[in-house]
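Just below is one structure, and these are the notes that go with it.
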There are 4 protein chains.
Amino acid sequence: MSTWKIDCIGKSPRLRNPILIEGLPGIGNVGKVAVDFLIDELKAEKMYEITSPTFPHSVFVNEDNLVELPRIDVFYKKLGGNNRDLILLGGDVQPVDAVSSYEFSEKVLDIAEQFKGKEIITLGGIGLSEEPKKPRVYCTGNTRAIIQKYKNKMVNNQLYGVVGPIVGVSGLLIGLAGKRKIDAISFLAETYGHPMYLGIKGAIEILRVLNKELKLNIDVKRLHKEIKDIESDILGKTEQINEVPRQTTLNKLKSRFGEDVDYIG
Amino acid sequence: MSTWKIDCIGKSPRLRNPILIEGLPGIGNVGKVAVDFLIDELKAEKMYEITSPTFPHSVFVNEDNLVELPRIDVFYKKLGGNNRDLILLGGDVQPVDAVSSYEFSEKVLDIAEQFKGKEIITLGGIGLSEEPKKPRVYCTGNTRAIIQKYKNKMVNNQLYGVVGPIVGVSGLLIGLAGKRKIDAISFLAETYGHPMYLGIKGAIEILRVLNKELKLNIDVKRLHKEIKDIESDILGKTEQINEVPRQTTLNKLKSRFGEDVDYIG
Amino acid sequence: MSTWKIDCIGKSPRLRNPILIEGLPGIGNVGKVAVDFLIDELKAEKMYEITSPTFPHSVFVNEDNLVELPRIDVFYKKLGGNNRDLILLGGDVQPVDAVSSYEFSEKVLDIAEQFKGKEIITLGGIGLSEEPKKPRVYCTGNTRAIIQKYKNKMVNNQLYGVVGPIVGVSGLLIGLAGKRKIDAISFLAETYGHPMYLGIKGAIEILRVLNKELKLNIDVKRLHKEIKDIESDILGKTEQINEVPRQTTLNKLKSRFGEDVDYIG
Amino acid sequence: MSTWKIDCIGKSPRLRNPILIEGLPGIGNVGKVAVDFLIDELKAEKMYEITSPTFPHSVFVNEDNLVELPRIDVFYKKLGGNNRDLILLGGDVQPVDAVSSYEFSEKVLDIAEQFKGKEIITLGGIGLSEEPKKPRVYCTGNTRAIIQKYKNKMVNNQLYGVVGPIVGVSGLLIGLAGKRKIDAISFLAETYGHPMYLGIKGAIEILRVLNKELKLNIDVKRLHKEIKDIESDILGKTEQINEVPRQTTLNKLKSRFGEDVDYIG
């Protein structure tokens, strides 16, 4: 039984100098929330579904009361004009052990290279002991050049001493990309470090950075307003959240965001 | 040393469009109790014994004071007439780690396909914080078609938001069957989520559903009465239960149910 | 790097219908203490040293202040006359995970079969919540025949319901031997289930059984007396024991028993 | 994906009868601190960078705000004259599981043998419940000869009963070297067994031993003085240390020691 099962969905696209953006479950789920929003907003198209025995040995029940294996999906979006295209990596889980986490990250870099992708952006959270009012966004990367490129007033690049090790795929992709001479940067937003917390505010701050730098033309203000509504909904149902798994909460969020995209539930 | 040792017991049967029913140890042991009862009541015949180094590295002492390796067994039952035959999967354990759980589930699907089985039913429990008076049975599956097929007044198919991930073989079989285009459904009965608890009531509710849907002609009432006797026995000996492993308690139950079938001890 | 490194010590002996006796660290270290005593008393000769990356990744400092890898050793003893010869398996450790424990047990059975060994005896402890005055010895095995053979007034064969699963090599050897049609029995002595406790009394009771059944001509009384002295030594130094690892305590015991055999330190 | 990625840095040197000295993170980080100091002081040159999926699946942010994979590096130093050359092994991490720890140790011995290295020195700490005023240095090894060679007034070779098992690469290298007939010794200095503690005093005591025995001509007094300054700095910022990962603290130490050597951050 092979470790990584990668199913192709539709025809392989031709992409223009693409940037790969990763956001998987992690601290405050900041990266996952941000990438899931991007996939929705940009109406990105799915090209791969990845399942693996190194993912948790459990299944989710989705909104249609159907069972789904834990899965990581790869989407793409052609932005048109002179813009670089996007490869978007989102999903339900991360590989559970260290060796699989390295292996998976190498697979992701293989996918980037297959499309001649020469830049990686990973998204994640920095867990604080309480909810930040206005989360700051930090960045780190594998070359001075890429940090210089994305440095702006919205992003703080003095991360040294602020965080400990960056754990999981978001960190490994940066490190392993360096060995392949692929520039890679990580945007990390402050968030509340509680396992049930959805770092929506942090995700928005990251989206604002990406929107500006990658010229995505997302209406972040609208996003901001809608999320505020959802948040107050959620905060009013705290007990319920604690009983229902995070997966469900994410689906609720998503069903609120318009098109019922079939990539999580 | 190969991961899965599958010993054939007797000649391989010819089965008619069989349904594979799985019930292994899990929450409240609901699935295991239900399948063990089915094997007894239907006088099913064993066709495979599966042992594996991915099972716990320990052995059980059975009622004959003999040692047994942890084992998962596959039985079959020809129901005759126009009925579809059954493949029944029961045992002492589940594989201990995620990768083995995936691998084992694929092996089980291989067995189903080898007999041209086109339907899987997995049985399990939903752990509540106290013992339910009248456990409800829920279902979920990998296609709308199979849920529609088994939908009836006894089964609730609104599982979304009720449970978190379905962990282990009962969940993976449904998810992985979907990748092979095999319809699969899971019946999950409410039970008390305590590790020493035997979810007999939940198992009975599931057996009633299976009895009706699969026309098994099991005398569920008799089952119900006998179990009530056993239960009061057990409840009167709570302390003793806590000292003796669950394995023993199950054997006690079984020896009460008539023929001494040699599939657990 | 191969999983099991088996170094031969000296020439391979010719053994007469040998019985393999296993005693590794476990509950109360009963099995280890008993086999280590047998190796000393019988002046058994070492034939294999087994090291493995599945053993703990640490080394011991022995009485000569030299480092030793964790090791499992195989000794043999020709008993002469009409007696069956012995293969004795003792050591510092057990494999740490389930898969390695299965693999190691198969290796041990390979060794037994290589010498046409047709009988396995494993030794272990049954952990009680306090120290037993006069430990009872129980047995279980993989055939009625071998239990019948060793049944006597000193051994209780009603183990069912007394213990839970028998964990580790002592249990697996019995179960896996059954698959090879090798008769195997386990003698388990009651002991105090504390990790620092040395189940010497339990080991003595097992040695009395083996002495009688296998006609070993060990002076158990002398053993008994010497051990009593050591025990009172140890009990007078309880605090010291808690600071010094168990390994050291075992070495102390051993240096007391005469010849400085080079099999542990 | 291969388990060990060994990147060569520059040309392979010719070394004169080299001694390999290992110091990786461990109790009090004594070994790591000592070897890192040696690499700095001797201006040793890097020859290998080792990364592996068996290292923790996380990355560090260094002083330049760039990401680095966890790494173990191999340096060499030609001491000139009649002195034996040195191979120095230092790094951020140890392999996380037992099997990888054995495998990595064998790889290190392969490197030693490739340069015809016939002696191994490993460095580590003995964790005490409080900070020792004047840490003692103990030694153990795999032959009486090497202990005799390094025995002097500064080193206590009565380690038996003082420590339990020596865990990790420092211990395994000694044990596994024995199987290859390579003499190996371990110097262990007393230190405070707290995970955030940097065993600088212990490291200094070990450096004094190495300085004398290997004629390294290090100015230990200067080292001693500089470290005292740093230590008082650190002790004045205890709370800060607890928030910032140990990695950072080590880098602080290092940036204090002159040349910005590119081996950790």
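Chain lettering (A, B, ...) mirrors the order of the structure tokens, residue numbering begins at 1 for each chain separately, and ligand numbering begins at 1 in order of display.
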All alpha helix (DSSP H) positions in segment 56-207 of chain D, as a PyMOL selection string: chain D and resi 98-114+144-150+169-179+200-207
Chain D residues near chain A (8 Å cut-off, only C-alpha atoms) as a ChimeraX atom specification: /D:1,53-69,244-245,248
Between atom CA of Phe187 of chain D and atom CA of Ile50 of chain D - distance in Å to one decimal: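 That distance, rounded to one decimal, is 24.1 Å.
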Long-range neighbours of Phe115 of chain A as a list of chain:residue names, 9 Å cut-off, only C-alpha atoms, 4 positions minimum in chain: A:Pro13, A:Arg14, A:Leu15, A:Arg16, A:Asn17, A:Pro18, A:Asp110, A:Ile111
Keeping C-alpha atoms for every residue in the selection just given, could you write it to a file as a short mmCIF file (atom, residue, chain, number, x, y, z; two decimals), in the first residue's frame?
data_model
loop_
_atom_site.label_atom_id
_atom_site.label_comp_id
_atom_site.auth_asym_id
_atom_site.auth_seq_id
_atom_site.Cartn_x
_atom_site.Cartn_y
_atom_site.Cartn_z
CA PRO A 13 -3.75 22.83 -16.10
CA ARG A 14 -0.94 24.90 -17.60
CA LEU A 15 0.09 27.40 -14.98
CA ARG A 16 2.04 30.62 -15.37
CA ASN A 17 5.01 30.82 -13.01
CA PRO A 18 2.82 29.75 -10.10
CA ASP A 110 7.44 17.95 -6.18
CA ILE A 111 4.02 19.30 -7.18
#
Residue contacts of Ser12 of chain C (10 Å, only C-alpha atoms) excluding same-chain residues fewer than 2 positions away, as a ChimeraX atom specification: /C:8-10,14-15,46-48,76,115
With C-alpha atoms retained, could you export that selection as an mmCIF file, in the first residue's frame?
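Listed below is the output, out_26.cif:
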data_model
loop_
_atom_site.group_PDB
_atom_site.id
_atom_site.type_symbol
_atom_site.label_atom_id
_atom_site.label_comp_id
_atom_site.auth_asym_id
_atom_site.auth_seq_id
_atom_site.Cartn_x
_atom_site.Cartn_y
_atom_site.Cartn_z
ATOM 1 C CA CYS C 8 27.682 -16.405 17.590
ATOM 2 C CA ILE C 9 29.892 -17.099 20.617
ATOM 3 C CA GLY C 10 32.011 -20.175 20.045
ATOM 4 C CA ARG C 14 24.709 -30.323 19.243
ATOM 5 C CA LEU C 15 21.742 -30.427 21.578
ATOM 6 C CA LYS C 46 26.637 -18.675 25.938
ATOM 7 C CA MET C 47 26.036 -19.284 22.252
ATOM 8 C CA TYR C 48 24.403 -16.074 20.955
ATOM 9 C CA TYR C 76 22.768 -23.714 26.430
ATOM 10 C CA PHE C 115 18.125 -27.174 17.322
#
Strand (DSSP E) residues, from DSSP on the backbone, in segment 22-137 of chain A, as a PyMOL selection string: chain A and resi 22-23+45-51+58-61+67-68+72-77+86-91+119-128+137
Could you name the residues that touch Gly26 of chain A at 9 Å or less, counting only C-alpha atoms, but leaving out those on the same chain fewer than 2 positions away, as a PDB file with all heavy atoms, in the first residue's frame?
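Final output, saved to result.pdb:
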ATOM      1  N   GLY A  23      -1.959  26.195   3.546  1.00  0.00           N
ATOM      2  CA  GLY A  23      -2.613  26.493   4.820  1.00  0.00           C
ATOM      3  C   GLY A  23      -3.323  25.262   5.340  1.00  0.00           C
ATOM      4  O   GLY A  23      -4.394  24.913   4.861  1.00  0.00           O
ATOM      5  N   LEU A  24      -2.719  24.586   6.312  1.00  0.00           N
ATOM      6  CA  LEU A  24      -3.305  23.356   6.863  1.00  0.00           C
ATOM      7  C   LEU A  24      -3.660  23.579   8.332  1.00  0.00           C
ATOM      8  O   LEU A  24      -3.285  24.588   8.921  1.00  0.00           O
ATOM      9  CB  LEU A  24      -2.306  22.204   6.728  1.00  0.00           C
ATOM     10  CG  LEU A  24      -1.999  21.740   5.303  1.00  0.00           C
ATOM     11  CD1 LEU A  24      -0.947  20.648   5.310  1.00  0.00           C
ATOM     12  CD2 LEU A  24      -3.282  21.229   4.624  1.00  0.00           C
ATOM     13  N   GLY A  28      -4.375  27.738  16.064  1.00  0.00           N
ATOM     14  CA  GLY A  28      -5.503  28.618  15.783  1.00  0.00           C
ATOM     15  C   GLY A  28      -6.116  28.379  14.414  1.00  0.00           C
ATOM     16  O   GLY A  28      -7.019  29.093  13.987  1.00  0.00           O
ATOM     17  N   ASN A  29      -5.656  27.394  13.717  1.00  0.00           N
ATOM     18  CA  ASN A  29      -6.137  27.088  12.354  1.00  0.00           C
ATOM     19  C   ASN A  29      -6.072  28.291  11.423  1.00  0.00           C
ATOM     20  O   ASN A  29      -6.811  28.357  10.429  1.00  0.00           O
ATOM     21  CB  ASN A  29      -7.571  26.548  12.403  1.00  0.00           C
ATOM     22  CG  ASN A  29      -7.602  25.160  12.986  1.00  0.00           C
ATOM     23  OD1 ASN A  29      -6.963  24.263  12.473  1.00  0.00           O
ATOM     24  ND2 ASN A  29      -8.301  24.993  14.100  1.00  0.00           N
ATOM     25  N   VAL A  30      -5.168  29.212  11.731  1.00  0.00           N
ATOM     26  CA  VAL A  30      -5.059  30.440  10.952  1.00  0.00           C
ATOM     27  C   VAL A  30      -4.783  30.137   9.481  1.00  0.00           C
ATOM     28  O   VAL A  30      -5.447  30.661   8.572  1.00  0.00           O
ATOM     29  CB  VAL A  30      -3.944  31.341  11.522  1.00  0.00           C
ATOM     30  CG1 VAL A  30      -3.618  32.465  10.557  1.00  0.00           C
ATOM     31  CG2 VAL A  30      -4.355  31.892  12.870  1.00  0.00           C
ATOM     32  N   GLY A  31      -3.811  29.264   9.226  1.00  0.00           N
ATOM     33  CA  GLY A  31      -3.433  28.955   7.855  1.00  0.00           C
ATOM     34  C   GLY A  31      -4.567  28.288   7.101  1.00  0.00           C
ATOM     35  O   GLY A  31      -4.874  28.644   5.964  1.00  0.00           O
ATOM     36  N   LYS A  32      -5.232  27.338   7.758  1.00  0.00           N
ATOM     37  CA  LYS A  32      -6.344  26.635   7.117  1.00  0.00           C
ATOM     38  C   LYS A  32      -7.482  27.598   6.777  1.00  0.00           C
ATOM     39  O   LYS A  32      -8.008  27.585   5.666  1.00  0.00           O
ATOM     40  CB  LYS A  32      -6.850  25.526   8.042  1.00  0.00           C
ATOM     41  CG  LYS A  32      -8.116  24.868   7.544  1.00  0.00           C
ATOM     42  CD  LYS A  32      -8.549  23.703   8.419  1.00  0.00           C
ATOM     43  CE  LYS A  32      -9.885  23.142   7.927  1.00  0.00           C
ATOM     44  NZ  LYS A  32      -9.894  22.809   6.497  1.00  0.00           N
ATOM     45  N   VAL A  93      -6.304  17.834   7.657  1.00  0.00           N
ATOM     46  CA  VAL A  93      -5.344  17.238   8.584  1.00  0.00           C
ATOM     47  C   VAL A  93      -3.913  17.565   8.182  1.00  0.00           C
ATOM     48  O   VAL A  93      -3.666  18.119   7.114  1.00  0.00           O
ATOM     49  CB  VAL A  93      -5.475  15.693   8.572  1.00  0.00           C
ATOM     50  CG1 VAL A  93      -6.795  15.264   9.191  1.00  0.00           C
ATOM     51  CG2 VAL A  93      -5.332  15.162   7.157  1.00  0.00           C
ATOM     52  N   GLN A  94      -3.008  17.195   9.056  1.00  0.00           N
ATOM     53  CA  GLN A  94      -1.586  17.130   8.731  1.00  0.00           C
ATOM     54  C   GLN A  94      -1.129  15.675   8.972  1.00  0.00           C
ATOM     55  O   GLN A  94      -1.741  14.978   9.773  1.00  0.00           O
ATOM     56  CB  GLN A  94      -0.770  18.026   9.665  1.00  0.00           C
ATOM     57  CG  GLN A  94      -1.065  19.497   9.518  1.00  0.00           C
ATOM     58  CD  GLN A  94       0.202  20.342   9.593  1.00  0.00           C
ATOM     59  OE1 GLN A  94       1.321  19.825   9.613  1.00  0.00           O
ATOM     60  NE2 GLN A  94       0.018  21.647   9.614  1.00  0.00           N
ATOM     61  N   GLY A 124       0.391  30.425   8.794  1.00  0.00           N
ATOM     62  CA  GLY A 124       0.216  29.780  10.092  1.00  0.00           C
ATOM     63  C   GLY A 124      -0.057  30.794  11.187  1.00  0.00           C
ATOM     64  O   GLY A 124      -0.221  31.991  10.922  1.00  0.00           O
ATOM     65  N   GLY A 125      -0.114  30.291  12.428  1.00  0.00           N
ATOM     66  CA  GLY A 125      -0.425  31.146  13.553  1.00  0.00           C
ATOM     67  C   GLY A 125       0.666  31.151  14.603  1.00  0.00           C
ATOM     68  O   GLY A 125       1.490  30.241  14.676  1.00  0.00           O
ATOM     69  N   VAL A 167       6.420  24.275  13.814  1.00  0.00           N
ATOM     70  CA  VAL A 167       6.197  22.835  13.731  1.00  0.00           C
ATOM     71  C   VAL A 167       5.300  22.483  12.551  1.00  0.00           C
ATOM     72  O   VAL A 167       4.342  23.197  12.264  1.00  0.00           O
ATOM     73  CB  VAL A 167       5.558  22.328  15.039  1.00  0.00           C
ATOM     74  CG1 VAL A 167       5.296  20.812  14.970  1.00  0.00           C
ATOM     75  CG2 VAL A 167       6.446  22.641  16.229  1.00  0.00           C
ATOM     76  N   GLY A 168       5.614  21.389  11.870  1.00  0.00           N
ATOM     77  CA  GLY A 168       4.739  20.843  10.845  1.00  0.00           C
ATOM     78  C   GLY A 168       5.060  21.315   9.441  1.00  0.00           C
ATOM     79  O   GLY A 168       6.138  21.849   9.165  1.00  0.00           O
ATOM     80  N   SER A 170       4.017  23.746   7.526  1.00  0.00           N
ATOM     81  CA  SER A 170       4.300  25.167   7.270  1.00  0.00           C
ATOM     82  C   SER A 170       5.771  25.492   7.473  1.00  0.00           C
ATOM     83  O   SER A 170       6.333  26.320   6.747  1.00  0.00           O
ATOM     84  CB  SER A 170       3.477  26.059   8.205  1.00  0.00           C
ATOM     85  OG  SER A 170       2.122  26.011   7.875  1.00  0.00           O
ATOM     86  N   PRO A 195      -7.061  25.136  21.344  1.00  0.00           N
ATOM     87  CA  PRO A 195      -7.345  24.166  20.276  1.00  0.00           C
ATOM     88  C   PRO A 195      -8.705  24.362  19.593  1.00  0.00           C
ATOM     89  O   PRO A 195      -8.860  23.997  18.438  1.00  0.00           O
ATOM     90  CB  PRO A 195      -7.278  22.809  20.985  1.00  0.00           C
ATOM     91  CG  PRO A 195      -7.196  23.083  22.444  1.00  0.00           C
ATOM     92  CD  PRO A 195      -6.707  24.487  22.606  1.00  0.00           C
TER      93      PRO A 195
END
Atomic distance atom CA of Lys215 of chain A - atom CA of Tyr197 of chain A, expressed in Å with one decimal: 29.0 Å
Residue contacts of segment 205-214 of chain A (7 Å, only C-alpha atoms) excluding same-chain residues fewer than 5 positions away, as a PyMOL selection string: chain A and resi 34+137+154+187+189+220
Polymer residues at most 8 Å from Val33 of chain C, only C-alpha atoms, same-chain spacing of 5 or more positions, as a ChimeraX atom specification: /C:23,198-200,203
Give me a file of those residues, with N, CA and C atoms, as an mmCIF file, in the first residue's frame.
data_model
loop_
_atom_site.group_PDB
_atom_site.id
_atom_site.type_symbol
_atom_site.label_atom_id
_atom_site.label_comp_id
_atom_site.auth_asym_id
_atom_site.auth_seq_id
_atom_site.Cartn_x
_atom_site.Cartn_y
_atom_site.Cartn_z
ATOM 1 N N GLY C 23 13.282 -16.075 30.043
ATOM 2 C CA GLY C 23 12.997 -15.198 31.178
ATOM 3 C C GLY C 23 13.597 -13.828 30.958
ATOM 4 N N LEU C 198 12.104 -6.725 42.968
ATOM 5 C CA LEU C 198 12.705 -7.924 42.385
ATOM 6 C C LEU C 198 11.947 -9.126 42.914
ATOM 7 N N GLY C 199 11.226 -9.810 42.062
ATOM 8 C CA GLY C 199 10.371 -10.903 42.514
ATOM 9 C C GLY C 199 11.142 -12.172 42.785
ATOM 10 N N ILE C 200 12.041 -12.102 43.774
ATOM 11 C CA ILE C 200 12.922 -13.247 44.046
ATOM 12 C C ILE C 200 12.145 -14.425 44.596
ATOM 13 N N ALA C 203 10.428 -16.078 41.843
ATOM 14 C CA ALA C 203 11.393 -16.797 41.007
ATOM 15 C C ALA C 203 11.771 -18.128 41.651
#
Gap from atom CA of Ser129 of chain D to atom CA of Leu188 of chain D - Å, one decimal: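 One can read the atom CA of Ser129 of chain D to atom CA of Leu188 of chain D distance as 15.8 Å.
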Selected residue of minimal separation from Ile72 of chain C among C:Pro25, C:Pro132, C:Gly193, C:Gly117, counting only C-alpha atoms: C:Pro25
